file entry32.cif (mmCIF, C-alpha atoms and all ligand atoms)
data_my_file
loop_
_atom_site.label_atom_id
_atom_site.label_comp_id
_atom_site.auth_asym_id
_atom_site.auth_seq_id
_atom_site.Cartn_x
_atom_site.Cartn_y
_atom_site.Cartn_z
CA MET Z 4 11.56 95.63 -13.68
CA ALA Z 5 12.32 96.33 -17.31
CA ILE Z 6 13.50 99.75 -18.42
CA GLN Z 7 11.77 99.55 -21.79
CA SER Z 8 8.13 98.67 -22.17
CA PRO Z 9 7.49 95.18 -23.55
CA GLU Z 10 7.58 94.75 -27.33
CA ASN Z 11 4.15 93.26 -27.35
CA LYS Z 12 1.95 95.93 -25.79
CA LEU Z 13 -0.84 93.46 -25.16
CA TRP Z 14 1.38 91.16 -23.11
CA TRP Z 15 -1.40 90.45 -20.62
CA ASN Z 16 -3.37 88.75 -23.36
CA GLU Z 17 -0.67 86.13 -23.90
CA ARG Z 18 -1.40 82.63 -22.70
CA LEU Z 19 0.26 81.57 -19.45
CA SER Z 20 2.93 78.98 -19.96
CA LEU Z 21 2.37 75.63 -18.29
CA PRO Z 22 5.18 75.90 -15.69
CA GLU Z 23 4.01 79.38 -14.76
CA ILE Z 24 0.45 78.28 -14.11
CA GLY Z 25 1.85 75.33 -12.17
CA TRP Z 26 3.81 77.59 -9.83
CA ILE Z 27 0.86 79.95 -9.40
CA THR Z 28 -1.32 77.00 -8.42
CA ILE Z 29 1.25 75.71 -5.92
CA ALA Z 30 1.67 79.17 -4.38
CA PHE Z 31 -2.09 79.64 -4.14
CA ILE Z 32 -2.66 76.27 -2.46
CA TRP Z 33 0.26 76.87 -0.08
CA GLY Z 34 -1.23 80.26 0.81
CA LEU Z 35 -4.49 78.55 1.75
CA VAL Z 36 -2.62 75.97 3.85
CA MET Z 37 -0.72 78.69 5.73
CA PHE Z 38 -3.91 80.67 6.25
CA SER Z 39 -5.79 77.74 7.77
CA THR Z 40 -2.75 76.95 9.92
CA MET Z 41 -3.32 80.22 11.79
CA VAL Z 42 -6.63 78.82 13.01
CA VAL Z 43 -5.47 75.22 13.50
CA TRP Z 44 -2.52 76.39 15.60
CA HIS Z 45 -4.86 77.63 18.30
CA PHE Z 46 -5.97 74.04 18.89
CA ILE Z 47 -2.75 72.08 18.42
CA GLY Z 48 -0.03 74.64 19.20
CA GLU Z 49 1.27 75.30 22.67
CA GLN Z 50 2.35 78.88 22.17
CA ASN Z 51 -0.45 80.65 20.36
CA LEU Z 52 -2.39 82.91 22.65
CA SER Z 53 -6.16 83.08 22.61
CA ASN Z 54 -6.16 86.55 24.03
CA GLU Z 55 -8.86 89.17 24.37
CA ALA Z 56 -8.43 92.89 23.81
CA TYR Z 57 -10.42 95.78 25.25
CA ARG Z 58 -10.16 99.54 25.20
CA ILE Z 59 -8.96 101.10 28.44
CA SER Z 60 -7.34 104.43 29.24
CA PRO Z 61 -3.82 104.35 30.71
CA GLU Z 62 -5.16 106.19 33.79
CA MET Z 63 -7.83 103.58 34.43
CA PHE Z 64 -5.39 100.72 33.88
CA GLY Z 65 -2.89 102.35 36.24
CA GLU Z 66 -5.56 102.71 38.92
CA ARG Z 67 -6.55 99.06 38.72
CA THR Z 68 -2.94 97.91 38.84
CA GLU Z 69 -2.21 100.11 41.84
CA ALA Z 70 -5.36 98.94 43.64
CA MET Z 71 -4.24 95.32 43.21
CA ALA Z 72 -0.71 96.14 44.38
CA GLU Z 73 -2.02 98.03 47.41
CA GLN Z 74 -4.14 95.11 48.50
CA TYR Z 75 -1.89 92.14 47.82
CA THR Z 76 1.75 93.21 48.11
CA VAL Z 77 3.66 90.71 50.24
CA ARG Z 78 7.19 92.12 50.02
CA THR Z 79 9.46 94.18 47.79
CA GLU Z 80 12.48 93.13 45.81
CA GLY Z 81 15.27 94.53 43.64
CA ASN Z 82 17.11 97.81 44.00
CA LEU Z 83 13.96 99.72 43.03
CA ASP Z 84 11.98 98.05 45.85
CA THR Z 85 9.43 96.81 43.34
CA PRO Z 86 6.37 95.39 45.10
CA VAL Z 87 5.86 91.65 44.83
CA VAL Z 88 2.12 91.06 44.56
CA HIS Z 89 0.50 87.76 45.46
CA PRO Z 90 -3.09 88.12 44.21
CA LEU Z 91 -5.99 85.78 44.94
CA PRO Z 92 -6.05 82.68 42.71
CA GLY Z 93 -8.77 82.98 40.08
CA SER Z 94 -8.70 86.76 40.12
CA ASP Z 95 -7.97 89.46 37.60
CA ILE Z 96 -4.32 90.45 37.80
CA TYR Z 97 -2.50 93.38 36.23
CA MET Z 98 0.96 94.15 34.94
CA LEU Z 99 1.70 97.48 33.38
CA ALA Z 100 4.41 98.52 30.98
CA ARG Z 101 6.04 101.94 31.13
CA LEU Z 102 9.38 103.55 30.37
CA TRP Z 103 11.25 101.40 31.40
CA GLU Z 104 9.79 98.73 33.60
CA TRP Z 105 7.15 96.07 33.98
CA TRP Z 106 5.28 96.74 37.19
CA PRO Z 107 4.69 95.14 39.65
CA VAL Z 108 6.32 91.72 40.16
CA LEU Z 109 3.65 89.04 40.32
CA GLU Z 110 3.74 85.95 42.50
CA LEU Z 111 1.30 83.32 41.24
CA GLU Z 112 0.32 79.90 42.47
CA LYS Z 113 0.95 76.79 40.41
CA ASP Z 114 -2.13 75.17 38.80
CA GLN Z 115 -4.35 78.16 39.52
CA THR Z 116 -6.06 80.16 36.82
CA TYR Z 117 -5.67 83.93 36.50
CA ARG Z 118 -6.78 86.57 34.06
CA LEU Z 119 -3.67 88.53 33.28
CA HIS Z 120 -4.28 92.07 32.02
CA LEU Z 121 -1.46 93.84 30.19
CA SER Z 122 -1.35 97.43 29.01
CA SER Z 123 1.03 100.33 28.50
CA MET Z 124 1.16 103.68 30.25
CA ASP Z 125 3.02 105.45 27.46
CA TRP Z 126 3.80 103.77 24.16
CA GLN Z 127 4.27 100.42 22.55
CA HIS Z 128 6.15 97.72 24.42
CA GLY Z 129 6.53 94.00 23.88
CA PHE Z 130 5.73 91.45 26.56
CA SER Z 131 8.03 88.45 26.20
CA LEU Z 132 7.88 85.78 28.88
CA GLN Z 133 11.14 83.86 29.21
CA PRO Z 134 12.20 81.08 29.04
CA GLN Z 135 8.74 80.10 27.72
CA ASN Z 136 9.02 82.53 24.81
CA ILE Z 137 5.39 83.67 24.96
CA ASN Z 138 5.06 87.01 23.21
CA ILE Z 139 2.42 89.68 22.88
CA GLN Z 140 2.49 93.34 21.95
CA VAL Z 141 1.27 95.84 24.49
CA HIS Z 142 -0.22 99.20 23.49
CA PRO Z 143 -1.49 102.20 25.42
CA GLY Z 144 -5.28 102.55 25.22
CA TYR Z 145 -5.87 98.81 25.00
CA GLU Z 146 -5.54 95.98 27.44
CA MET Z 147 -4.64 92.47 26.40
CA VAL Z 148 -6.22 89.83 28.61
CA LEU Z 149 -4.71 86.36 28.78
CA THR Z 150 -6.22 83.51 30.75
CA ILE Z 151 -3.21 81.73 32.20
CA LYS Z 152 -2.57 78.70 34.38
CA PRO Z 153 1.09 78.40 35.38
CA ASP Z 154 2.07 74.72 35.46
CA GLN Z 155 5.66 74.93 36.71
CA VAL Z 156 7.12 76.43 39.84
CA GLY Z 157 9.95 78.85 39.12
CA GLU Z 158 11.08 82.34 38.30
CA TYR Z 159 10.13 83.81 34.94
CA SER Z 160 11.51 86.92 33.33
CA VAL Z 161 9.51 89.42 31.36
CA VAL Z 162 11.59 91.13 28.69
CA CYS Z 163 10.49 94.07 26.56
CA ASN Z 164 11.01 92.97 22.97
CA GLU Z 165 9.78 96.10 21.22
CA PHE Z 166 12.35 98.86 20.95
CA CYS Z 167 11.09 101.67 23.18
CA GLY Z 168 13.96 104.09 23.61
CA ILE Z 169 17.18 104.53 25.47
CA GLY Z 170 16.23 102.36 28.44
CA HIS Z 171 14.70 99.54 26.38
CA HIS Z 172 17.39 97.02 27.31
CA THR Z 173 16.76 97.61 31.03
CA MET Z 174 13.01 97.06 30.77
CA LEU Z 175 12.63 93.81 32.66
CA GLY Z 176 9.95 92.33 34.87
CA LYS Z 177 9.42 89.17 36.81
CA ILE Z 178 6.78 86.57 37.59
CA HIS Z 179 7.30 84.06 40.39
CA VAL Z 180 5.33 80.83 40.37
CA VAL Z 181 5.09 79.14 43.75
CA ASP Z 182 3.32 76.07 45.09
CA LYS Z 183 -0.35 76.26 46.07
CA GLN Z 184 -0.89 77.92 49.41
CU1 LIG Z 201 9.67 98.70 26.46
CU2 LIG Z 201 11.36 98.11 24.93
#

call {"tool": "encode", "arguments": {"input": "entry32.cif", "output": "structure tokens"}}
result
Amino acid sequence: MAIQSPENKLWWNERLSLPEIGWITIAFIWGLVMFSTMVVWHFIGEQNLSNEAYRISPEMFGERTEAMAEQYTVRTEGNLDTPVVHPLPGSDIYMLARLWEWWPVLELEKDQTYRLHLSSMDWQHGFSLQPQNINIQVHPGYEMVLTIKPDQVGEYSVVCNEFCGIGHHTMLGKIHVVDKQ
């Protein structure tokens, strides 16, 4: 930014120089390429999520999560005795974020499809599934719904990747994927 105003007050009437118009053209075309990539990536990328979002109150989301946990808990784990929930394949499953945990632990079957609902009880958290590095932001008042089909048996960690206060670094969750039962 110049301190003095330009000598020629009608500087916007000057002709563009050739290199300048060249760079503007390149930047414009590149912008269009990047924009269309956002759409293309849904078809050729392996990480982009085709998620759905709906309004839901934290109370309602909490009730649905608890109802699922009540019905399908198979055991508890960890020093907080977090329930491990093994829901029916093909069903709607829930994981809630709150200060500072992901609740409950889910146990899913390989090659089965689930509708995973995510929402927050308090404020913004980040759902980051590791080591797959699948990320989505989670807000109170909205639920994000992902249609998922785990294709590898194993233990996956859920890490909060949105700074949410003093316990942020302890905000971990877990998803187990087991063989078809
Ligand atoms: Cu929740 Cu950081």

call {"tool": "residues_near_ligand", "arguments": {"input": "entry32.cif", "ligand": "ligand LIG 201 (chain Z)", "cutoff": "12 Å", "atoms": "only C-alpha atoms and all ligand atoms", "output": "number ranges by chain"}}
result
Z: 99-106, 122-131, 140-143, 161-176

call {"tool": "atom_distance", "arguments": {"input": "entry32.cif", "atom1": "atom CA of Phe64 of chain Z", "atom2": "atom CA of Leu119 of chain Z"}}
result
12.3 Å

call {"tool": "atom_distance", "arguments": {"input": "entry32.cif", "atom1": "atom CA of Val77 of chain Z", "atom2": "atom CA of Thr150 of chain Z"}}
result
23.0 Å

call {"tool": "atom_distance", "arguments": {"input": "entry32.cif", "atom1": "atom CA of Asn136 of chain Z", "atom2": "atom CA of Asp114 of chain Z"}}
result
19.3 Å

call {"tool": "closest_residue", "arguments": {"input": "entry32.cif", "among": "Z:Leu35, Z:Ala5, Z:Ile59, Z:Val108", "to": "Gly81 of chain Z", "atoms": "all atoms listed in the file"}}
result
Z:Val108

call {"tool": "closest_residue", "arguments": {"input": "entry32.cif", "among": "Z:Ile137, Z:Val148, Z:Val181, Z:Ile29", "to": "Asn51 of chain Z", "atoms": "all atoms listed in the file"}}
result
Z:Ile137

call {"tool": "closest_residue", "arguments": {"input": "entry32.cif", "among": "Z:Asn138, Z:Ser94, Z:Gln115, Z:Asn54", "to": "Lys183 of chain Z", "atoms": "only C-alpha atoms"}}
result
Z:Gln115

call {"tool": "closest_residue", "arguments": {"input": "entry32.cif", "among": "Z:Leu83, Z:Leu109, Z:Ala56, Z:Val43", "to": "Met71 of chain Z", "atoms": "all atoms listed in the file"}}
result
Z:Leu109

call {"tool": "closest_residue", "arguments": {"input": "entry32.cif", "among": "Z:Met63, Z:Leu111, Z:Leu132, Z:Leu19", "to": "Asp182 of chain Z", "atoms": "all atoms listed in the file"}}
result
Z:Leu111

call {"tool": "closest_residue", "arguments": {"input": "entry32.cif", "among": "Z:Thr76, Z:Arg58, Z:Tyr97, Z:Ile151", "to": "Tyr117 of chain Z", "atoms": "only C-alpha atoms"}}
result
Z:Ile151

call {"tool": "residues_around", "arguments": {"input": "entry32.cif", "residues": "Met147 of chain Z", "least_positions_apart": "2", "cutoff": "6 Å", "atoms": "all atoms listed in the file", "output": "PyMOL selection string"}}
result
chain Z and resi 55-56+120-121

call {"tool": "residues_around", "arguments": {"input": "entry32.cif", "residues": "Arg78 of chain Z", "least_positions_apart": "6", "cutoff": "10 Å", "atoms": "all atoms listed in the file", "output": "ChimeraX atom specification"}}
result
/Z:84-89,108

call {"tool": "axis_aligned_box", "arguments": {"input": "entry32.cif", "around": "segment 161-169 of chain Z", "padding_each_side": "4 Å", "output": "lines of an AutoDock Vina configuration file"}}
result
center_x = 13.3
center_y = 97.0
center_z = 26.2
size_x = 15.7
size_y = 23.1
size_z = 18.4

call {"tool": "decode", "arguments": {"input": "entry32.cif", "residues": "segment 90-150 of chain Z", "atoms": "C-alpha atoms", "output": "PDB file, in the first residue's frame"}}
result
ATOM      1  CA  PRO Z  90     -25.488 -51.746  17.170  1.00  0.00           C
ATOM      2  CA  LEU Z  91     -27.410 -53.656  14.508  1.00  0.00           C
ATOM      3  CA  PRO Z  92     -25.753 -53.589  11.077  1.00  0.00           C
ATOM      4  CA  GLY Z  93     -27.606 -51.238   8.745  1.00  0.00           C
ATOM      5  CA  SER Z  94     -28.935 -49.120  11.580  1.00  0.00           C
ATOM      6  CA  ASP Z  95     -28.609 -45.509  12.617  1.00  0.00           C
ATOM      7  CA  ILE Z  96     -25.766 -45.143  15.090  1.00  0.00           C
ATOM      8  CA  TYR Z  97     -24.795 -42.203  17.267  1.00  0.00           C
ATOM      9  CA  MET Z  98     -21.649 -40.735  18.737  1.00  0.00           C
ATOM     10  CA  LEU Z  99     -21.791 -37.554  20.734  1.00  0.00           C
ATOM     11  CA  ALA Z 100     -19.118 -35.009  21.505  1.00  0.00           C
ATOM     12  CA  ARG Z 101     -18.955 -33.208  24.829  1.00  0.00           C
ATOM     13  CA  LEU Z 102     -16.352 -31.693  27.132  1.00  0.00           C
ATOM     14  CA  TRP Z 103     -14.167 -33.780  26.910  1.00  0.00           C
ATOM     15  CA  GLU Z 104     -15.076 -37.089  25.404  1.00  0.00           C
ATOM     16  CA  TRP Z 105     -16.559 -38.896  22.445  1.00  0.00           C
ATOM     17  CA  TRP Z 106     -19.322 -41.143  23.725  1.00  0.00           C
ATOM     18  CA  PRO Z 107     -19.902 -44.063  23.525  1.00  0.00           C
ATOM     19  CA  VAL Z 108     -17.331 -46.444  21.999  1.00  0.00           C
ATOM     20  CA  LEU Z 109     -18.779 -48.088  18.903  1.00  0.00           C
ATOM     21  CA  GLU Z 110     -18.146 -51.632  17.768  1.00  0.00           C
ATOM     22  CA  LEU Z 111     -19.037 -52.074  14.104  1.00  0.00           C
ATOM     23  CA  GLU Z 112     -18.983 -55.025  11.766  1.00  0.00           C
ATOM     24  CA  LYS Z 113     -16.750 -55.103   8.712  1.00  0.00           C
ATOM     25  CA  ASP Z 114     -18.486 -54.682   5.319  1.00  0.00           C
ATOM     26  CA  GLN Z 115     -21.752 -53.549   6.890  1.00  0.00           C
ATOM     27  CA  THR Z 116     -23.304 -50.181   6.232  1.00  0.00           C
ATOM     28  CA  TYR Z 117     -24.247 -47.775   9.020  1.00  0.00           C
ATOM     29  CA  ARG Z 118     -25.569 -44.260   9.234  1.00  0.00           C
ATOM     30  CA  LEU Z 119     -23.297 -42.525  11.675  1.00  0.00           C
ATOM     31  CA  HIS Z 120     -24.807 -39.474  13.375  1.00  0.00           C
ATOM     32  CA  LEU Z 121     -22.454 -36.978  15.023  1.00  0.00           C
ATOM     33  CA  SER Z 122     -23.355 -33.966  17.118  1.00  0.00           C
ATOM     34  CA  SER Z 123     -22.154 -31.919  20.067  1.00  0.00           C
ATOM     35  CA  MET Z 124     -23.717 -31.453  23.482  1.00  0.00           C
ATOM     36  CA  ASP Z 125     -21.972 -28.157  24.208  1.00  0.00           C
ATOM     37  CA  TRP Z 126     -19.797 -26.419  21.649  1.00  0.00           C
ATOM     38  CA  GLN Z 127     -17.742 -27.001  18.582  1.00  0.00           C
ATOM     39  CA  HIS Z 128     -15.559 -30.092  18.380  1.00  0.00           C
ATOM     40  CA  GLY Z 129     -13.716 -31.769  15.534  1.00  0.00           C
ATOM     41  CA  PHE Z 130     -14.208 -35.418  14.651  1.00  0.00           C
ATOM     42  CA  SER Z 131     -10.961 -36.843  13.295  1.00  0.00           C
ATOM     43  CA  LEU Z 132     -10.826 -40.570  12.613  1.00  0.00           C
ATOM     44  CA  GLN Z 133      -7.298 -41.963  12.828  1.00  0.00           C
ATOM     45  CA  PRO Z 134      -5.291 -43.406  11.167  1.00  0.00           C
ATOM     46  CA  GLN Z 135      -7.680 -42.854   8.230  1.00  0.00           C
ATOM     47  CA  ASN Z 136      -7.555 -39.082   8.672  1.00  0.00           C
ATOM     48  CA  ILE Z 137     -11.252 -38.526   7.964  1.00  0.00           C
ATOM     49  CA  ASN Z 138     -12.314 -35.179   9.386  1.00  0.00           C
ATOM     50  CA  ILE Z 139     -15.560 -33.372  10.001  1.00  0.00           C
ATOM     51  CA  GLN Z 140     -16.587 -30.524  12.259  1.00  0.00           C
ATOM     52  CA  VAL Z 141     -19.254 -31.171  14.839  1.00  0.00           C
ATOM     53  CA  HIS Z 142     -21.545 -28.426  16.141  1.00  0.00           C
ATOM     54  CA  PRO Z 143     -24.280 -28.298  18.753  1.00  0.00           C
ATOM     55  CA  GLY Z 144     -27.748 -27.908  17.214  1.00  0.00           C
ATOM     56  CA  TYR Z 145     -26.852 -29.850  14.076  1.00  0.00           C
ATOM     57  CA  GLU Z 146     -26.164 -33.472  13.376  1.00  0.00           C
ATOM     58  CA  MET Z 147     -23.806 -34.617  10.664  1.00  0.00           C
ATOM     59  CA  VAL Z 148     -24.829 -37.927   9.133  1.00  0.00           C
ATOM     60  CA  LEU Z 149     -22.258 -40.057   7.336  1.00  0.00           C
ATOM     61  CA  THR Z 150     -23.077 -43.283   5.554  1.00  0.00           C
TER      62      THR Z 150
END
